[in-house]
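Engineer: Encoded as structure tokens, here's the structure I'll be asking about.
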Amino acid sequence: MKAVVMAGGEGSRLRPLTSRRPKPLAPIANRPVMHHIVELLRSHGITEIVATLHYLADEIESYFGDGSALGVNMHYVVEDTPLGTAGAVKMAESRLRDGTFIIISGDAMTDLDITSLVEAHKAAKNDATIALWRVSNPLEFGVVITDDDGQITRFMEKPSWGEVFSDTINTGIYVLEPEILDYMEAGRNYDFSKDLFPRMLRDGKRLGGHVINDYWADVGNLQQYQQANYDAISGVVRTQRPTLQLAPEIWTGRDCKIDPTATIVGPVQLGDRVIVGPDATIEGPACLGNGVEIAGGAVVRRSVLWEDVYVGTDAELEDCTICNRSIVKERATVGEGTVVGERCTIGASAVVRPHLKLWPEKNVSSGAIVSMSLVYGIKWPGSLFGGEGVSGLANLEITPEFALKLGQAYGSFLRAGETVMTSRDTHPASRIFNRCVISGLLSVGINVEDLRSFPLPLSRFATRAGGDGCVHTRIAPRDDRSVLFEFFDRSGINVDKAAERKIENLFFREDFRRVNMDAVGLLGFPSRALENYTSAFLAALAPEAIEKRNFRVVVDYAYGNAALVLPRILSHLNIDTVALNAYFDDNRVRHGFEDREHLLSQLSTIVTTLNADLGLMLDHDGETFAVVDDEGRIIDRSELIALLTLMVVRNGAKTVAVPVMAPSAIEEIAGAYDAKVIRARSDRRSLMALAESQGKDVAFAGSANFEVVFPEMHPAFDALYASAKLMELLAKEGLKLSELVDMLPSWHMATLRVPCPWDHKGRVMRTLIAEQPRSEIELFEGLRVKRDDGWVLVLPDSSDPTFTVYAEASNDGDASLYAEHMGSRIEQLVNA
């Protein structure tokens with residue numbers, strides 16, 4: 001016996017699920033609905049199958065192939081134009097003439113007992129038998145009326161209530177004799193219920209109705225699709241389960257990783273390679289496809305997630321469907337009944353209201369509130385660059401193809417034949433993306449000097465010495481799931497906003513330079529970059545003072561590549577060094593930011609135990625650092641800036657630079673030694689650009705994020721040089737580090753972050769500025785408002801949908817009060 005699977009429908013009512021895939025390939029319980037139908041046919045001994053195709057026919061043929069993987073023989077007929085339910089079957093006539101065959105829909109879910117249906121057909125000696133199903137509301141279906149012997153007497157397509165004479169409907173599943181093919185002419189449009197069955201009734205043919213008690217569901221709309229998934233997961237419909245049952249009503253595929261602290265309440269079905277993070281919650285019925293990752297603290301309730309979906313930390317999904325390779329970022333919320341198409345991104349803290357549809361490749365900005373469906377719109381987010389560079393979730397937002405295009409865009413921004421340095425951290429993902437960037441650069445005629453795994457300050461120095469630009473690839477410092485690309489100009493500092501916009505435009509337009517095969521770039525590997533940096537490093541210092549002091553220093557390298565460089569330099573300076581974590585460990589590097597306080601506490605204990613002069617903790621890229629004094633006190637953030645300011649001005653410096661939110665104590669320290677303070681913008685590039693423009697006139701520049709510039713070496717953040725410079729200044733003082741720390745004046749600051757959607761930021765800032773007396777505000781960066789004993793600064797974040805409020809006062813209580821008052825006003829304006 002043979003079967004015809006009807007698989008030509010577009011599934012327009014299922015969009016956006018079917019925007020890029022045919023309806024029969026929509027997954028139910030992690031397998032296409034047609035896959036379930038083919039397995040059902042095979043289980044009843046039917047292995048010769050013809051599929052009638054129209055919409056995205058190639059997709060279905062590609063999935064099933066010749067059918068051998070499922071133990072059947074698949075054949076296909078493709079309609080160029082729709083020929084109706086019966087006209088398509090006529091196209092397969094040559095394969096159906098030799099006996100009884102069955103017609104079944106490839107986009108409806110059922111566990112029908114096909115054997116019983118066929119036996120009933122043959123016992124009644126019918127020419128056609130229709131599988132009937134009882135429903136409470138038959139208005140959306142074709143009603144079939146039968147007599148007491150089960151013979152059909154009448155068909156009614158989608159009747160009104162006044163025409164409802166039965167509750168049995170046509171399921172679209174038929175057992176037919178080949179003579180029905182004689183009722184049709186090839187190439188014409190025919191429908192079984194409207195054309196053929198009524199004609200057969202008039203001709204006195206035997207048409208039987210067989211009421212089935214098995215599961216059957218027309219997956220005709222989004223609600224029915226979701227319910228069919230719930231039914232399959234809950235066991236209402238019989239389907240093939242994954243082989244591993246983790247607990248009652250919880251099934252998993254291969255290679256799943258479920259954190260012991262996660263909570264899973266069945267019925268739940270997980271595909272292969274699913275990751276469920278710490279304290280995550282999944283409440284069934286829920287279905288997660290292959291490669292799905294649920295990050296820590298996220299909540300997924302009654303939802304269907306297709307393959308490779310990522311759900312970020314503390315995100316919440318409720319009764320929704322998320323299609324392939326979509327990303328729901330941290331703290332985002334997706335409401336019930338919402339359907340998110342393929343490759344969409346829901347930004348951090350965004351809210352998607354219930355019962356909406358997002359068509360494929362839509363991007364919802366961080367903090368946005370979506371209250372209507374998104375059908376049209378941009379494929380990519382509006383801005384490629386964030387506050388530090390280009391970043392995104394590795395292998396989700398940032399893919400090898402993305403990195404290749406990024407290299408092409410940057411290379412097309414430069415002139416053909418110029419040279420770009422590339423470098424990376426030690427993580428394997430960074431290596432992959434670095435190589436993709438290199439390929440993109442070479443393809444547009446840019447020569448590349450690859451520094452490979454190299455600390456970030458050394459990459460900046462090497463670029464300044466011999467490159468026209470640089471791309472450094474690393475794991476993002478504050479998100480161990482993301483990768484970050486930083487772009488430098490020939491001075492070794494981050495490219496400016498104008499360059500960022502040009503690279504963005506090239507990337508989005510894919511307007512890449514094309515060169516012939518003889519003009520592609522050349523790849524090289526610099527041989528003396530480390531030696532050149534070391535020579536410049538030692539030449540910029542006063543090593544004699546350090547050597548005489550005989551320092552004992554504890555250095556925590558945080559498992560990063562700074563351990564490649566600094567130990568050999570310190571060995572030249574007669575420093576007794578105790579090295580901690582001076583080896584590569586990519587897993588620990590990724591969690592280094594989270595463990596920072598713990599590592600600093602350990603460093604403090606070791607410094608005091610060994611009676612060391614100081615302790616240093618460098619980040620894994622060698623760009624930022626923290627200090628522990630000889631009494632074990634941790635000197636961090638603003639205190640580190642203040643300490644270095646004190647040390648350089650006591651050594652004769654006349655100018656230092658600090659960011660706009662640094663405490664007023666910096667001016668107090670500098671003023672006591674007739675030195676000047678330059679306030680710079682808070683972004684990373686501005687501080688380095690200021691150091692570049694001022695040169696050695698600025699003795700020191702520091703940010704609030706442990707980043708330090710000493711322009712005498714080079715105008716870039718360099719924790720390796722800053723560590724040695726700190727020891728030089730300390731040696732010249734002849735004091736203990738703790739004695740200098742005790743000289744610092746006190747200050748009182750408070751910081752507050754306030755969420756604000758992107759599209760509200762301009763209105764909020766405009767209103768805040770209008771509310772303040774003109775004589776009390778400064779608009780150098782953000783809004784700075786004077787207070788009697790301090791100030792309040794409101795800065796819109798360049799990367800996140802937030803404001804950061806900084807406040808300084810004569811005591812901690814007033815500083816907190818200033819910040820909270822401004823934060824409350826921002827919240828009022830956001831909600832207005």
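Residue numbering restarts at 1 in every chain; chains get A, B, ... in the order shown in the structure tokens, and ligands count up from 1 in that same order.
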Range 806-814 of chain A: which residues within 10 Å, counting only C-alpha atoms, same-chain residues fewer than 6 positions away excluded, as a PyMOL selection string?
Structural biologist: chain A and resi 661-664+746-753+784-795+820+822-823
Engineer: Would you kindly return, as a PDB file with all heavy atoms, in the first residue's frame, each protein, DNA or RNA residue with an atom no farther than 7 Å from any atom of Phe461 in chain A, considering only C-alpha atoms and excluding same-chain residues fewer than 2 positions away?
Structural biologist:
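In the end it all went to out-v9.pdb:
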ATOM      1  N   PRO A 457      47.859  46.206  25.743  1.00  0.00           N
ATOM      2  CA  PRO A 457      48.769  47.361  25.652  1.00  0.00           C
ATOM      3  C   PRO A 457      49.885  47.149  24.625  1.00  0.00           C
ATOM      4  O   PRO A 457      50.305  48.091  23.952  1.00  0.00           O
ATOM      5  CB  PRO A 457      49.344  47.472  27.072  1.00  0.00           C
ATOM      6  CG  PRO A 457      48.340  46.800  27.938  1.00  0.00           C
ATOM      7  CD  PRO A 457      47.781  45.691  27.115  1.00  0.00           C
ATOM      8  N   LEU A 458      50.362  45.907  24.499  1.00  0.00           N
ATOM      9  CA  LEU A 458      51.428  45.637  23.530  1.00  0.00           C
ATOM     10  C   LEU A 458      50.900  45.754  22.106  1.00  0.00           C
ATOM     11  O   LEU A 458      51.631  46.173  21.196  1.00  0.00           O
ATOM     12  CB  LEU A 458      52.033  44.261  23.766  1.00  0.00           C
ATOM     13  CG  LEU A 458      53.116  44.177  24.853  1.00  0.00           C
ATOM     14  CD1 LEU A 458      52.513  44.360  26.245  1.00  0.00           C
ATOM     15  CD2 LEU A 458      53.881  42.871  24.771  1.00  0.00           C
ATOM     16  N   SER A 459      49.645  45.381  21.889  1.00  0.00           N
ATOM     17  CA  SER A 459      49.046  45.536  20.565  1.00  0.00           C
ATOM     18  C   SER A 459      48.951  47.006  20.196  1.00  0.00           C
ATOM     19  O   SER A 459      49.228  47.400  19.057  1.00  0.00           O
ATOM     20  CB  SER A 459      47.648  44.904  20.540  1.00  0.00           C
ATOM     21  OG  SER A 459      47.707  43.527  20.815  1.00  0.00           O
ATOM     22  N   THR A 463      51.037  48.737  17.095  1.00  0.00           N
ATOM     23  CA  THR A 463      50.322  49.479  16.050  1.00  0.00           C
ATOM     24  C   THR A 463      50.930  50.863  15.881  1.00  0.00           C
ATOM     25  O   THR A 463      51.148  51.330  14.762  1.00  0.00           O
ATOM     26  CB  THR A 463      48.830  49.596  16.417  1.00  0.00           C
ATOM     27  OG1 THR A 463      48.286  48.288  16.582  1.00  0.00           O
ATOM     28  CG2 THR A 463      48.065  50.341  15.339  1.00  0.00           C
ATOM     29  N   ARG A 464      51.191  51.510  16.984  1.00  0.00           N
ATOM     30  CA  ARG A 464      51.798  52.849  16.948  1.00  0.00           C
ATOM     31  C   ARG A 464      53.168  52.808  16.284  1.00  0.00           C
ATOM     32  O   ARG A 464      53.565  53.752  15.601  1.00  0.00           O
ATOM     33  CB  ARG A 464      51.898  53.372  18.379  1.00  0.00           C
ATOM     34  CG  ARG A 464      52.314  54.813  18.513  1.00  0.00           C
ATOM     35  CD  ARG A 464      52.249  55.231  19.988  1.00  0.00           C
ATOM     36  NE  ARG A 464      52.683  56.609  20.162  1.00  0.00           N
ATOM     37  CZ  ARG A 464      51.914  57.666  19.980  1.00  0.00           C
ATOM     38  NH1 ARG A 464      50.666  57.504  19.602  1.00  0.00           N
ATOM     39  NH2 ARG A 464      52.387  58.886  20.170  1.00  0.00           N
ATOM     40  N   ALA A 465      53.877  51.695  16.460  1.00  0.00           N
ATOM     41  CA  ALA A 465      55.229  51.579  15.924  1.00  0.00           C
ATOM     42  C   ALA A 465      55.253  51.227  14.444  1.00  0.00           C
ATOM     43  O   ALA A 465      56.196  51.600  13.736  1.00  0.00           O
ATOM     44  CB  ALA A 465      56.008  50.534  16.711  1.00  0.00           C
ATOM     45  N   GLY A 492      47.318  53.830  17.862  1.00  0.00           N
ATOM     46  CA  GLY A 492      47.116  52.780  18.847  1.00  0.00           C
ATOM     47  C   GLY A 492      45.952  53.023  19.789  1.00  0.00           C
ATOM     48  O   GLY A 492      45.766  52.263  20.749  1.00  0.00           O
ATOM     49  N   TYR A 533      58.732  46.369  22.653  1.00  0.00           N
ATOM     50  CA  TYR A 533      57.953  46.911  23.773  1.00  0.00           C
ATOM     51  C   TYR A 533      58.794  46.918  25.049  1.00  0.00           C
ATOM     52  O   TYR A 533      58.824  47.911  25.791  1.00  0.00           O
ATOM     53  CB  TYR A 533      56.685  46.083  23.970  1.00  0.00           C
ATOM     54  CG  TYR A 533      55.873  46.479  25.185  1.00  0.00           C
ATOM     55  CD1 TYR A 533      54.977  47.531  25.125  1.00  0.00           C
ATOM     56  CD2 TYR A 533      56.026  45.794  26.392  1.00  0.00           C
ATOM     57  CE1 TYR A 533      54.232  47.900  26.248  1.00  0.00           C
ATOM     58  CE2 TYR A 533      55.291  46.153  27.516  1.00  0.00           C
ATOM     59  CZ  TYR A 533      54.397  47.205  27.435  1.00  0.00           C
ATOM     60  OH  TYR A 533      53.672  47.569  28.546  1.00  0.00           O
ATOM     61  N   HIS A 714      53.422  55.457  26.216  1.00  0.00           N
ATOM     62  CA  HIS A 714      52.556  55.620  25.036  1.00  0.00           C
ATOM     63  C   HIS A 714      51.170  56.022  25.530  1.00  0.00           C
ATOM     64  O   HIS A 714      50.801  55.749  26.683  1.00  0.00           O
ATOM     65  CB  HIS A 714      52.507  54.350  24.173  1.00  0.00           C
ATOM     66  CG  HIS A 714      51.995  53.123  24.849  1.00  0.00           C
ATOM     67  ND1 HIS A 714      51.237  52.172  24.216  1.00  0.00           N
ATOM     68  CD2 HIS A 714      52.127  52.662  26.126  1.00  0.00           C
ATOM     69  CE1 HIS A 714      50.938  51.198  25.056  1.00  0.00           C
ATOM     70  NE2 HIS A 714      51.476  51.465  26.209  1.00  0.00           N
TER      71      HIS A 714
END
Engineer: In Å, how far is it from CA of Ile169 in chain A to CA of Ala217 in chain A?
Structural biologist: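 CA of Ala217 in chain A lies 11.7 Å from CA of Ile169 in chain A.
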Engineer: At what distance in Å, to one decimal, does CA of Asp111 in chain A lie from CA of Gly84 in chain A?
Structural biologist: 25.0 Å
Engineer: Need to verify the contact set: Ala542 in chain A, 10 Å, only C-alpha atoms, exclusion of same-chain residues closer than 5 positions in sequence. Can you return it as a VMD selection string?
Structural biologist: chain A and resid 547 573 724 to 725 728 to 729 731 to 732
Engineer: Write a file of the selected residues as a PDB file, in the first residue's frame, keeping N, CA, C and O atoms.
Structural biologist:
ATOM      1  N   GLU A 547      65.613  49.434  41.426  1.00  0.00           N
ATOM      2  CA  GLU A 547      66.580  48.386  41.779  1.00  0.00           C
ATOM      3  C   GLU A 547      67.111  48.571  43.194  1.00  0.00           C
ATOM      4  O   GLU A 547      67.322  47.603  43.931  1.00  0.00           O
ATOM      5  N   LEU A 573      64.573  44.433  36.970  1.00  0.00           N
ATOM      6  CA  LEU A 573      64.491  45.556  37.905  1.00  0.00           C
ATOM      7  C   LEU A 573      64.785  45.151  39.346  1.00  0.00           C
ATOM      8  O   LEU A 573      64.497  45.911  40.274  1.00  0.00           O
ATOM      9  N   ALA A 724      54.892  49.131  37.021  1.00  0.00           N
ATOM     10  CA  ALA A 724      56.309  49.460  37.230  1.00  0.00           C
ATOM     11  C   ALA A 724      56.489  50.936  37.586  1.00  0.00           C
ATOM     12  O   ALA A 724      57.325  51.292  38.430  1.00  0.00           O
ATOM     13  N   LYS A 725      55.668  51.800  36.954  1.00  0.00           N
ATOM     14  CA  LYS A 725      55.756  53.234  37.245  1.00  0.00           C
ATOM     15  C   LYS A 725      55.356  53.521  38.685  1.00  0.00           C
ATOM     16  O   LYS A 725      55.967  54.366  39.364  1.00  0.00           O
ATOM     17  N   GLU A 728      58.320  52.788  40.680  1.00  0.00           N
ATOM     18  CA  GLU A 728      59.340  53.836  40.525  1.00  0.00           C
ATOM     19  C   GLU A 728      59.019  55.037  41.399  1.00  0.00           C
ATOM     20  O   GLU A 728      59.883  55.562  42.124  1.00  0.00           O
ATOM     21  N   LEU A 729      57.762  55.482  41.348  1.00  0.00           N
ATOM     22  CA  LEU A 729      57.360  56.644  42.147  1.00  0.00           C
ATOM     23  C   LEU A 729      57.473  56.340  43.632  1.00  0.00           C
ATOM     24  O   LEU A 729      57.888  57.195  44.428  1.00  0.00           O
ATOM     25  N   ALA A 731      59.541  54.190  45.007  1.00  0.00           N
ATOM     26  CA  ALA A 731      60.974  54.127  45.344  1.00  0.00           C
ATOM     27  C   ALA A 731      61.539  55.529  45.545  1.00  0.00           C
ATOM     28  O   ALA A 731      62.340  55.767  46.471  1.00  0.00           O
ATOM     29  N   LYS A 732      61.125  56.476  44.708  1.00  0.00           N
ATOM     30  CA  LYS A 732      61.620  57.846  44.838  1.00  0.00           C
ATOM     31  C   LYS A 732      61.122  58.513  46.111  1.00  0.00           C
ATOM     32  O   LYS A 732      61.791  59.381  46.682  1.00  0.00           O
TER      33      LYS A 732
END
Engineer: Would you mind listing, for every residue of range 310-389 of chain A within 9 Å of range 499-518 of chain A, the two atoms forming the shortest contact and the distance between them in Å to one decimal, using only C-alpha atoms, sorted by chain and ascending residue number, as a Markdown table?
Structural biologist:
| residue | atom | partner | partner_atom | distance |
| --- | --- | --- | --- | --- |
| A:Trp380 | CA | A:Phe508 | CA | 7.6 |
| A:Ser383 | CA | A:Glu504 | CA | 7.4 |
| A:Leu384 | CA | A:Glu504 | CA | 6.0 |
| A:Phe385 | CA | A:Glu500 | CA | 6.8 |
| A:Gly389 | CA | A:Glu500 | CA | 8.8 |
Engineer: Mind checking which residues fall within 12 Å of Glu185 in chain A, counting only C-alpha atoms, ignoring those fewer than 5 positions away in the same chain, and posting them as a ChimeraX atom specification?
Structural biologist: /A:83,86-91,93,180,190,196
Engineer: Of the candidates A:Arg452, A:Lys362, A:Glu771, A:Ser798, which shows the shortest atom-to-atom distance to Asp683 in chain A, using only C-alpha atoms?
Structural biologist: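 Selected residue with least distance to Asp683 in chain A: A:Ser798.
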Engineer: List every residue of range 161-270 of chain A that DSSP, applied to the backbone of this structure, places in helix (DSSP H, G or I), and write the result as a PDB file with C-alpha atoms, in the first residue's frame.
Structural biologist:
ATOM      1  CA  TRP A 161     -24.888  27.287  12.729  1.00  0.00           C
ATOM      2  CA  GLY A 162     -28.167  26.933  10.836  1.00  0.00           C
ATOM      3  CA  GLU A 163     -26.486  24.383   8.580  1.00  0.00           C
ATOM      4  CA  PRO A 178      -7.239   4.131  -7.849  1.00  0.00           C
ATOM      5  CA  GLU A 179     -10.427   4.541  -9.952  1.00  0.00           C
ATOM      6  CA  ILE A 180     -10.890   7.973  -8.380  1.00  0.00           C
ATOM      7  CA  LEU A 181      -8.077   9.177 -10.618  1.00  0.00           C
ATOM      8  CA  ASP A 182     -10.383   8.709 -13.635  1.00  0.00           C
ATOM      9  CA  TYR A 183     -12.514  11.624 -12.404  1.00  0.00           C
ATOM     10  CA  PHE A 192     -11.781  16.233  -3.016  1.00  0.00           C
ATOM     11  CA  SER A 193     -14.609  17.619  -0.866  1.00  0.00           C
ATOM     12  CA  LYS A 194     -15.927  20.191  -3.331  1.00  0.00           C
ATOM     13  CA  ASP A 195     -15.480  18.402  -6.663  1.00  0.00           C
ATOM     14  CA  LEU A 196     -14.695  14.693  -6.597  1.00  0.00           C
ATOM     15  CA  PHE A 197     -16.637  13.316  -3.633  1.00  0.00           C
ATOM     16  CA  PRO A 198     -19.936  15.014  -4.618  1.00  0.00           C
ATOM     17  CA  ARG A 199     -19.546  13.645  -8.190  1.00  0.00           C
ATOM     18  CA  MET A 200     -18.878  10.162  -6.839  1.00  0.00           C
ATOM     19  CA  LEU A 201     -22.000  10.386  -4.678  1.00  0.00           C
ATOM     20  CA  ARG A 202     -24.045  11.336  -7.714  1.00  0.00           C
ATOM     21  CA  LEU A 222      -0.537  29.818  15.954  1.00  0.00           C
ATOM     22  CA  GLN A 223      -2.670  28.820  18.918  1.00  0.00           C
ATOM     23  CA  GLN A 224      -3.291  25.356  17.448  1.00  0.00           C
ATOM     24  CA  TYR A 225       0.416  25.006  16.716  1.00  0.00           C
ATOM     25  CA  GLN A 226       1.352  25.756  20.297  1.00  0.00           C
ATOM     26  CA  GLN A 227      -1.363  23.452  21.652  1.00  0.00           C
ATOM     27  CA  ALA A 228      -0.192  20.622  19.401  1.00  0.00           C
ATOM     28  CA  ASN A 229       3.269  20.992  20.935  1.00  0.00           C
ATOM     29  CA  TYR A 230       1.824  20.921  24.429  1.00  0.00           C
ATOM     30  CA  ASP A 231      -0.204  17.812  23.550  1.00  0.00           C
ATOM     31  CA  ALA A 232       2.848  16.038  22.144  1.00  0.00           C
ATOM     32  CA  ILE A 233       4.976  16.892  25.183  1.00  0.00           C
ATOM     33  CA  SER A 234       2.201  15.898  27.584  1.00  0.00           C
TER      34      SER A 234
END
Engineer: Identify, on the basis of only C-alpha atoms, every residue whose closest approach to range 430-433 of chain A does not exceed 7 Å; exclude the query and any residue fewer than 4 positions from it along the same chain; express the result as a ChimeraX atom specification.
Structural biologist: /A:400,403,424-425,437,473-475
